[in-house]
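Participant: Below is the structure I would like to discuss, written out as structure tokens.
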There are 2 protein chains.
Amino acid sequence: MRIALLGGTGDIGEGLALRWGHDSDHELLIGSRDPEKAREAADAYLEALSELDVTASIKGFANEMAADRADVVVLAVPPYHVGDTVDAVADKLDTDTVLVTPAVGMKGDEDGLHYHPPGTGSVTALVAQRAPDDVPVVGAFHNLAAGKLADIEAAIDLDTLVVGDDADAKNLVVQLAEEIDGLRALEAGPIANAAEVESVTPLVINIARYNDDLADVGVKFF
Amino acid sequence: MRIALLGGTGDIGEGLALRWGHDSDHELLIGSRDPEKAREAADAYLEALSELDVTASIKGFANEMAADRADVVVLAVPPYHVGDTVDAVADKLDTDTVLVTPAVGMKGDEDGLHYHPPGTGSVTALVAQRAPDDVPVVGAFHNLAAGKLADIEAAIDLDTLVVGDDADAKNLVVQLAEEIDGLRALEAGPIANAAEVESVTPLVINIARYNDDLADVGVKFF
């Protein structure tokens with residue numbers, strides 16, 4: 001399967017690229033607004049994996065081209081770029097492309113980070129609103145400990161929560177997530193339930209801030 | 001220490017009473033609007049513990065009397081009763097009484113439960129607003145799996161998140177929480193961070209609904 005990581009030069013993109021590169025055989029397409037940056041990131045990920053004697057398929061492209069070639073498109077961009085990125089790649093998407101959104105709107109003050117969703121109620125709902133009508137949208141990979149994810153030699157034991165209105169698309173993302181060693185995907189229902197899922201991201205950042213022994217923290221449900 | 005559980009006949013009150021009764025030597029005061037119901041619940045908790053050869057101090061009172069006698073007052077009431085319960089016991093509280101709130105405002109639809117805070121932004125902030133100015137307020141025990149907590153023979157391995165603006169009060173609640181075997185208390189910052197903490201409760205209920213193998217689910221942070 002071909003997975004595009006738009007904004008794949010950032011930390012969550014790096015983590016997913018390295019983990020899928022290490023643990024699966026998928027073709028990974030790193031997207032960036034600047035294709036040269038995308039190619040540099042792809043080369044760096046390949047080199048990090050080759051040091052572990054892992055050969056992966058990771059290539060860099062402009063976002064539009066990465067989206068055009070992919071079966072699954074992950075919007076690994078900051079929340080304020082999500083809408084524009086969807087618009088930029090919209091005509092490359094079709095009913096066979098699953099659009100995955102891990103972004104979370106947050107605002108900070110002296111106390112910590114707070115959930116700050118767009119007017120649609122969640123970033124996932126914003127993506128669903130901006131994407132072409134027939135493109136299935138899935139929210140996932142929000143609250144992974146990004147540093148730990150990108151540290152490919154660090155074992156993880158974390159959950160990711162998956163929301164979406166299209167059962168097939170959601171099942172595919174659950175399966176892709178669970179191909180990453182140590183990652184379990186839990187269903188959290190339709191996109192209407194995305195706000196509670198996205199809210200976990202500022203929470204884990206606040207927990208890391210207020211507990212000295214819990215840097216770069218993730219979550220598991222029992 | 002004397003801990004009052006107002007609304008202590010409900011599920012979270014029962015769980016905390018049984019766990020503290022089993023794992024600590026604190027005096028537990030079960031509060032209810034109906035003192036007879038409180039006494040019946042206290043007797044039932046004592047009997048459940050005596051079957052495990054545990055002798056505890058658990059007595060039932062009207063909410064006001066329980067609050068008057070306690071060092072720590074837990075508002076284990078439904079969210080729509082929190083404000084009234086604070087008002088009812090306000091003149092029994094003082095600067096030496098720590099007021100603890102585990103309640104969460106939620107609303108449900110066909111998709112699941114959604115976080116539905118009061119206008120103050122969180123139930124914890126509502127309690128802080130309604131309580132006398134000099135009474136320290138701490139949010140804790142929100143997202144425990146209530147059924148598992150009340151099943152005293154079930155081992156737990158869960159986190160609770162603690163928010164508050166008074167460091168001493170917060171430290172006391174962290175300590176009391178960690179006297180329960182298998183429960184870890186994590187700091188999540190000031191009351192301004194309570195919304196993200198309270199949001200975990202509808203999330204875990206949604207996760208239990210959408211994952212067959214995860215009934216009565218709680219959370220841990222790694």
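The way I read the labels, and the way they are meant: chains A, B, ... in the order of the structure tokens, residue 1 as the first residue of every chain, and ligand 1 as the first ligand shown, with later ones counted on from there.
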Skip Leu203 in chain B itself and residues of its chain fewer than 5 positions away, then list as an NGL selection string all residues within 9 Å of it, counting only C-alpha atoms.
Facilitator: (:A and (188 or 193 or 196-197)) or (:B and (112-115 or 208))
Participant: Find the residues in chain A near chain B: any atom within 10 Å counts, using only C-alpha atoms. Write them as a compact mmCIF listing (two decimals) with C-alpha atoms, in the first residue's frame.
Facilitator:
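As written to disk, out18.txt reads:
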```
# COMPACT_ATOMS: atom_id res chain seq x y z
CA ASP A 109 -1.45 29.96 28.47
CA GLU A 110 0.65 30.05 31.62
CA ASP A 111 -1.21 27.04 33.04
CA GLY A 112 -0.80 24.69 30.12
CA LEU A 113 -2.28 23.75 26.79
CA HIS A 114 -6.02 23.76 26.19
CA TYR A 115 -8.12 22.10 23.54
CA ALA A 145 4.31 10.70 22.10
CA ILE A 156 6.48 1.82 22.50
CA ASP A 157 3.38 0.45 24.18
CA LEU A 158 0.67 2.95 23.35
CA LEU A 161 -7.86 6.32 19.07
CA VAL A 162 -9.60 6.12 15.72
CA LEU A 186 -9.01 1.55 19.58
CA GLU A 187 -12.25 2.64 17.95
CA ALA A 188 -13.84 5.74 19.43
CA GLY A 189 -16.85 5.93 17.11
CA PRO A 190 -17.92 8.41 14.43
CA ILE A 191 -16.38 11.81 13.68
CA ALA A 192 -18.95 13.29 16.07
CA ASN A 193 -16.80 11.80 18.88
CA ALA A 194 -13.54 13.37 17.63
CA ALA A 195 -13.41 16.27 20.10
CA GLU A 196 -12.92 14.01 23.11
CA VAL A 197 -10.21 12.12 21.22
CA GLU A 198 -8.37 15.28 20.14
CA SER A 199 -8.62 16.68 23.71
CA VAL A 200 -6.21 14.01 24.93
CA THR A 201 -3.31 15.73 23.15
CA PRO A 202 -3.20 18.90 25.30
CA LEU A 203 -3.86 16.68 28.32
CA VAL A 204 -0.81 14.47 27.77
CA ILE A 205 1.33 17.56 27.17
CA ASN A 206 0.09 19.04 30.45
CA ILE A 207 0.77 15.76 32.26
CA ALA A 208 4.32 15.73 30.88
CA ARG A 209 4.80 19.30 32.10
CA TYR A 210 3.55 18.69 35.64
CA ASN A 211 5.14 15.28 36.29
CA ASP A 212 8.94 15.23 36.20
CA ASP A 213 9.15 11.52 35.43
CA LEU A 214 6.74 11.60 32.49
CA ALA A 215 8.33 13.39 29.53
CA ASP A 216 6.83 12.70 26.09
CA VAL A 217 3.90 10.77 27.49
CA GLY A 218 1.28 8.68 25.70
CA VAL A 219 -1.81 6.86 26.84
CA LYS A 220 -3.28 3.37 27.19
CA PHE A 221 -6.81 2.35 28.06
CA PHE A 222 -7.57 -0.68 30.29
```
Participant: Fit chain B to chain A: least squares, all C-alpha atoms, paired in order; write the output as an mmCIF file with C-alpha atoms, in the first residue's frame.
Facilitator:
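Resulting contents of superposed-v1.cif:
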```cif
data_model
loop_
_atom_site.group_PDB
_atom_site.id
_atom_site.type_symbol
_atom_site.label_atom_id
_atom_site.label_comp_id
_atom_site.auth_asym_id
_atom_site.auth_seq_id
_atom_site.Cartn_x
_atom_site.Cartn_y
_atom_site.Cartn_z
ATOM 1 C CA MET B 1 -0.016 0.009 0.004
ATOM 2 C CA ARG B 2 1.119 3.569 -0.659
ATOM 3 C CA ILE B 3 0.893 5.904 2.314
ATOM 4 C CA ALA B 4 1.506 9.638 1.832
ATOM 5 C CA LEU B 5 2.617 11.642 4.862
ATOM 6 C CA LEU B 6 1.867 15.256 3.958
ATOM 7 C CA GLY B 7 3.943 17.499 6.153
ATOM 8 C CA GLY B 8 6.041 14.390 6.567
ATOM 9 C CA THR B 9 9.119 16.419 7.501
ATOM 10 C CA GLY B 10 7.583 17.252 10.915
ATOM 11 C CA ASP B 11 7.786 15.195 14.082
ATOM 12 C CA ILE B 12 4.639 13.087 13.769
ATOM 13 C CA GLY B 13 5.409 12.506 10.078
ATOM 14 C CA GLU B 14 8.938 11.435 10.927
ATOM 15 C CA GLY B 15 7.695 9.050 13.617
ATOM 16 C CA LEU B 16 5.102 7.407 11.371
ATOM 17 C CA ALA B 17 7.562 7.165 8.452
ATOM 18 C CA LEU B 18 10.240 5.520 10.589
ATOM 19 C CA ARG B 19 7.812 3.158 12.335
ATOM 20 C CA TRP B 20 6.045 2.042 9.141
ATOM 21 C CA GLY B 21 9.399 1.903 7.361
ATOM 22 C CA HIS B 22 10.726 -0.345 10.110
ATOM 23 C CA ASP B 23 7.676 -2.496 10.818
ATOM 24 C CA SER B 24 5.864 -2.792 7.441
ATOM 25 C CA ASP B 25 6.450 -3.100 3.707
ATOM 26 C CA HIS B 26 4.328 -0.129 2.678
ATOM 27 C CA GLU B 27 5.619 2.455 0.207
ATOM 28 C CA LEU B 28 5.940 5.733 2.074
ATOM 29 C CA LEU B 29 5.622 9.032 0.249
ATOM 30 C CA ILE B 30 6.896 12.008 2.239
ATOM 31 C CA GLY B 31 5.086 15.169 1.198
ATOM 32 C CA SER B 32 6.042 18.774 1.790
ATOM 33 C CA ARG B 33 5.147 22.090 0.198
ATOM 34 C CA ASP B 34 8.837 22.140 -0.776
ATOM 35 C CA PRO B 35 9.651 18.897 -2.641
ATOM 36 C CA GLU B 36 13.363 19.344 -1.995
ATOM 37 C CA LYS B 37 12.743 19.336 1.773
ATOM 38 C CA ALA B 38 10.587 16.215 1.328
ATOM 39 C CA ARG B 39 13.387 14.424 -0.539
ATOM 40 C CA GLU B 40 15.935 15.393 2.118
ATOM 41 C CA ALA B 41 13.647 14.067 4.876
ATOM 42 C CA ALA B 42 13.007 10.837 2.968
ATOM 43 C CA ASP B 43 16.773 10.328 2.556
ATOM 44 C CA ALA B 44 17.338 10.999 6.269
ATOM 45 C CA TYR B 45 14.643 8.458 7.237
ATOM 46 C CA LEU B 46 16.124 5.860 4.865
ATOM 47 C CA GLU B 47 19.563 6.429 6.348
ATOM 48 C CA ALA B 48 18.285 6.111 9.929
ATOM 49 C CA LEU B 49 16.638 2.810 8.984
ATOM 50 C CA SER B 50 19.671 1.535 7.072
ATOM 51 C CA GLU B 51 21.701 1.925 10.255
ATOM 52 C CA LEU B 52 19.361 -0.698 11.697
ATOM 53 C CA ASP B 53 19.823 -2.828 8.553
ATOM 54 C CA VAL B 54 16.279 -2.081 7.464
ATOM 55 C CA THR B 55 15.530 -1.381 3.820
ATOM 56 C CA ALA B 56 12.361 0.630 3.287
ATOM 57 C CA SER B 57 10.648 2.432 0.414
ATOM 58 C CA ILE B 58 10.522 6.135 1.315
ATOM 59 C CA LYS B 59 10.491 8.914 -1.279
ATOM 60 C CA GLY B 60 9.955 12.658 -1.138
ATOM 61 C CA PHE B 61 7.497 14.673 -3.240
ATOM 62 C CA ALA B 62 5.510 17.875 -3.265
ATOM 63 C CA ASN B 63 2.332 17.335 -1.210
ATOM 64 C CA GLU B 64 0.117 17.250 -4.319
ATOM 65 C CA MET B 65 2.151 14.545 -6.020
ATOM 66 C CA ALA B 66 2.416 12.469 -2.837
ATOM 67 C CA ALA B 67 -1.362 12.653 -2.409
ATOM 68 C CA ASP B 68 -1.954 11.790 -6.052
ATOM 69 C CA ARG B 69 0.028 8.559 -5.790
ATOM 70 C CA ALA B 70 -1.233 7.364 -2.418
ATOM 71 C CA ASP B 71 -3.961 5.006 -1.192
ATOM 72 C CA VAL B 72 -3.875 6.616 2.231
ATOM 73 C CA VAL B 73 -3.052 10.284 2.820
ATOM 74 C CA VAL B 74 -2.031 11.380 6.325
ATOM 75 C CA LEU B 75 -2.334 15.121 6.995
ATOM 76 C CA ALA B 76 0.692 15.339 9.303
ATOM 77 C CA VAL B 77 0.643 19.138 9.208
ATOM 78 C CA PRO B 78 0.072 21.714 11.964
ATOM 79 C CA PRO B 79 -3.632 22.410 12.622
ATOM 80 C CA TYR B 80 -3.524 25.879 11.059
ATOM 81 C CA HIS B 81 -2.355 24.312 7.763
ATOM 82 C CA VAL B 82 -4.873 21.464 7.690
ATOM 83 C CA GLY B 83 -7.598 23.289 5.748
ATOM 84 C CA ASP B 84 -5.193 24.705 3.157
ATOM 85 C CA THR B 85 -3.474 21.363 2.721
ATOM 86 C CA VAL B 86 -6.796 19.609 2.107
ATOM 87 C CA ASP B 87 -7.680 22.265 -0.471
ATOM 88 C CA ALA B 88 -4.274 21.920 -2.151
ATOM 89 C CA VAL B 89 -4.613 18.164 -2.652
ATOM 90 C CA ALA B 90 -8.414 17.917 -3.030
ATOM 91 C CA ASP B 91 -8.393 17.145 -6.758
ATOM 92 C CA LYS B 92 -5.844 14.340 -6.206
ATOM 93 C CA LEU B 93 -8.172 12.501 -3.820
ATOM 94 C CA ASP B 94 -10.965 10.122 -4.728
ATOM 95 C CA THR B 95 -13.299 7.599 -3.096
ATOM 96 C CA ASP B 96 -10.454 5.097 -2.994
ATOM 97 C CA THR B 97 -8.191 7.438 -1.026
ATOM 98 C CA VAL B 98 -8.501 7.443 2.759
ATOM 99 C CA LEU B 99 -7.700 10.820 4.287
ATOM 100 C CA VAL B 100 -6.264 10.569 7.811
ATOM 101 C CA THR B 101 -5.988 13.514 10.205
ATOM 102 C CA PRO B 102 -3.838 13.506 13.360
ATOM 103 C CA ALA B 103 -3.856 17.302 13.947
ATOM 104 C CA VAL B 104 -5.260 18.939 17.085
ATOM 105 C CA GLY B 105 -6.124 22.587 17.687
ATOM 106 C CA MET B 106 -4.633 23.873 20.948
ATOM 107 C CA LYS B 107 -3.909 27.161 22.595
ATOM 108 C CA GLY B 108 -1.536 27.709 25.460
ATOM 109 C CA ASP B 109 -1.466 29.955 28.502
ATOM 110 C CA GLU B 110 0.632 30.034 31.650
ATOM 111 C CA ASP B 111 -1.250 27.040 33.077
ATOM 112 C CA GLY B 112 -0.820 24.688 30.147
ATOM 113 C CA LEU B 113 -2.291 23.757 26.799
ATOM 114 C CA HIS B 114 -6.015 23.765 26.199
ATOM 115 C CA TYR B 115 -8.121 22.119 23.545
ATOM 116 C CA HIS B 116 -9.092 24.749 21.004
ATOM 117 C CA PRO B 117 -11.131 23.169 18.219
ATOM 118 C CA PRO B 118 -12.186 24.969 15.061
ATOM 119 C CA GLY B 119 -15.822 26.047 14.668
ATOM 120 C CA THR B 120 -16.679 22.644 13.220
ATOM 121 C CA GLY B 121 -16.131 21.159 16.698
ATOM 122 C CA SER B 122 -12.965 19.203 15.887
ATOM 123 C CA VAL B 123 -10.144 19.213 13.352
ATOM 124 C CA THR B 124 -11.440 15.857 12.106
ATOM 125 C CA ALA B 125 -14.831 17.442 11.378
ATOM 126 C CA LEU B 126 -13.049 20.347 9.642
ATOM 127 C CA VAL B 127 -11.191 17.929 7.375
ATOM 128 C CA ALA B 128 -14.432 16.076 6.603
ATOM 129 C CA GLN B 129 -16.084 19.390 5.725
ATOM 130 C CA ARG B 130 -13.222 20.581 3.496
ATOM 131 C CA ALA B 131 -12.511 17.266 1.752
ATOM 132 C CA PRO B 132 -14.464 16.276 -1.387
ATOM 133 C CA ASP B 133 -17.740 14.635 -0.331
ATOM 134 C CA ASP B 134 -16.845 11.126 -1.447
ATOM 135 C CA VAL B 135 -13.447 10.962 0.271
ATOM 136 C CA PRO B 136 -13.563 9.007 3.542
ATOM 137 C CA VAL B 137 -11.960 10.837 6.479
ATOM 138 C CA VAL B 138 -10.490 9.142 9.556
ATOM 139 C CA GLY B 139 -9.050 10.792 12.685
ATOM 140 C CA ALA B 140 -6.095 8.895 14.189
ATOM 141 C CA PHE B 141 -2.536 9.177 15.565
ATOM 142 C CA HIS B 142 -3.394 12.326 17.592
ATOM 143 C CA ASN B 143 -1.879 11.637 20.953
ATOM 144 C CA LEU B 144 1.224 9.624 20.246
ATOM 145 C CA ALA B 145 4.322 10.707 22.092
ATOM 146 C CA ALA B 146 5.991 12.259 19.036
ATOM 147 C CA GLY B 147 9.561 12.153 20.297
ATOM 148 C CA LYS B 148 9.263 8.541 21.400
ATOM 149 C CA LEU B 149 7.612 7.587 18.114
ATOM 150 C CA ALA B 150 10.474 9.122 16.126
ATOM 151 C CA ASP B 151 13.093 7.435 18.316
ATOM 152 C CA ILE B 152 12.958 4.234 16.317
ATOM 153 C CA GLU B 153 15.084 2.305 18.800
ATOM 154 C CA ALA B 154 12.651 3.077 21.657
ATOM 155 C CA ALA B 155 10.016 0.396 22.211
ATOM 156 C CA ILE B 156 6.496 1.809 22.475
ATOM 157 C CA ASP B 157 3.384 0.442 24.180
ATOM 158 C CA LEU B 158 0.665 2.939 23.346
ATOM 159 C CA ASP B 159 -2.903 3.310 22.135
ATOM 160 C CA THR B 160 -4.166 5.478 19.333
ATOM 161 C CA LEU B 161 -7.859 6.326 19.065
ATOM 162 C CA VAL B 162 -9.590 6.116 15.714
ATOM 163 C CA VAL B 163 -12.743 7.983 14.679
ATOM 164 C CA GLY B 164 -14.534 8.014 11.343
ATOM 165 C CA ASP B 165 -17.899 7.687 9.659
ATOM 166 C CA ASP B 166 -16.777 5.164 7.002
ATOM 167 C CA ALA B 167 -16.334 1.700 8.511
ATOM 168 C CA ASP B 168 -14.052 0.360 5.765
ATOM 169 C CA ALA B 169 -11.752 3.365 5.906
ATOM 170 C CA LYS B 170 -11.644 3.187 9.691
ATOM 171 C CA ASN B 171 -10.843 -0.520 9.636
ATOM 172 C CA LEU B 172 -8.016 0.099 7.188
ATOM 173 C CA VAL B 173 -6.496 2.758 9.465
ATOM 174 C CA VAL B 174 -6.861 0.479 12.503
ATOM 175 C CA GLN B 175 -4.988 -2.206 10.576
ATOM 176 C CA LEU B 176 -2.241 0.167 9.425
ATOM 177 C CA ALA B 177 -1.823 1.525 12.961
ATOM 178 C CA GLU B 178 -1.497 -1.949 14.417
ATOM 179 C CA GLU B 179 1.226 -2.848 11.919
ATOM 180 C CA ILE B 180 3.393 -0.551 14.045
ATOM 181 C CA ASP B 181 4.910 -2.672 16.823
ATOM 182 C CA GLY B 182 3.589 -1.686 20.240
ATOM 183 C CA LEU B 183 0.750 0.447 18.926
ATOM 184 C CA ARG B 184 -2.857 -0.604 19.561
ATOM 185 C CA ALA B 185 -5.719 1.111 17.733
ATOM 186 C CA LEU B 186 -9.015 1.550 19.584
ATOM 187 C CA GLU B 187 -12.244 2.641 17.957
ATOM 188 C CA ALA B 188 -13.836 5.734 19.426
ATOM 189 C CA GLY B 189 -16.844 5.937 17.111
ATOM 190 C CA PRO B 190 -17.929 8.411 14.431
ATOM 191 C CA ILE B 191 -16.377 11.812 13.678
ATOM 192 C CA ALA B 192 -18.954 13.296 16.071
ATOM 193 C CA ASN B 193 -16.812 11.812 18.865
ATOM 194 C CA ALA B 194 -13.544 13.371 17.621
ATOM 195 C CA ALA B 195 -13.413 16.287 20.090
ATOM 196 C CA GLU B 196 -12.908 14.014 23.106
ATOM 197 C CA VAL B 197 -10.203 12.127 21.205
ATOM 198 C CA GLU B 198 -8.381 15.287 20.135
ATOM 199 C CA SER B 199 -8.619 16.690 23.702
ATOM 200 C CA VAL B 200 -6.222 14.012 24.921
ATOM 201 C CA THR B 201 -3.309 15.738 23.163
ATOM 202 C CA PRO B 202 -3.211 18.910 25.319
ATOM 203 C CA LEU B 203 -3.876 16.684 28.341
ATOM 204 C CA VAL B 204 -0.826 14.473 27.792
ATOM 205 C CA ILE B 205 1.316 17.566 27.191
ATOM 206 C CA ASN B 206 0.071 19.046 30.478
ATOM 207 C CA ILE B 207 0.743 15.761 32.282
ATOM 208 C CA ALA B 208 4.306 15.731 30.923
ATOM 209 C CA ARG B 209 4.769 19.300 32.135
ATOM 210 C CA TYR B 210 3.501 18.699 35.674
ATOM 211 C CA ASN B 211 5.106 15.286 36.329
ATOM 212 C CA ASP B 212 8.902 15.243 36.222
ATOM 213 C CA ASP B 213 9.127 11.544 35.467
ATOM 214 C CA LEU B 214 6.719 11.605 32.528
ATOM 215 C CA ALA B 215 8.313 13.371 29.562
ATOM 216 C CA ASP B 216 6.836 12.694 26.111
ATOM 217 C CA VAL B 217 3.907 10.758 27.503
ATOM 218 C CA GLY B 218 1.270 8.690 25.704
ATOM 219 C CA VAL B 219 -1.825 6.856 26.801
ATOM 220 C CA LYS B 220 -3.273 3.367 27.177
ATOM 221 C CA PHE B 221 -6.814 2.330 28.041
ATOM 222 C CA PHE B 222 -7.561 -0.673 30.277
#
```
Participant: When DSSP is applied to the backbone of this structure, which of range 125-175 of chain B are assigned alpha helix (DSSP H)? Write them out as a list in words.
Facilitator: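 Going through range 125-175 of chain B, the alpha helix (DSSP H) residues come out as Ala125, Leu126, Val127, Ala128, Gln129, Arg130, Ala146, Gly147, Lys148, Leu149, Ala150, Ala167, Asp168, Ala169, Lys170, Asn171, Leu172, Val173, Val174 and Gln175 of chain B.
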Participant: Apply DSSP to the backbone of this structure and, from chain B, keep only the residues in strand (DSSP E); write these as a PyMOL selection string.
Facilitator: chain B and resi 2-6+27-32+57-62+72-75+98-101+106-108+113-115+137-139+158-164+183-187+219-221
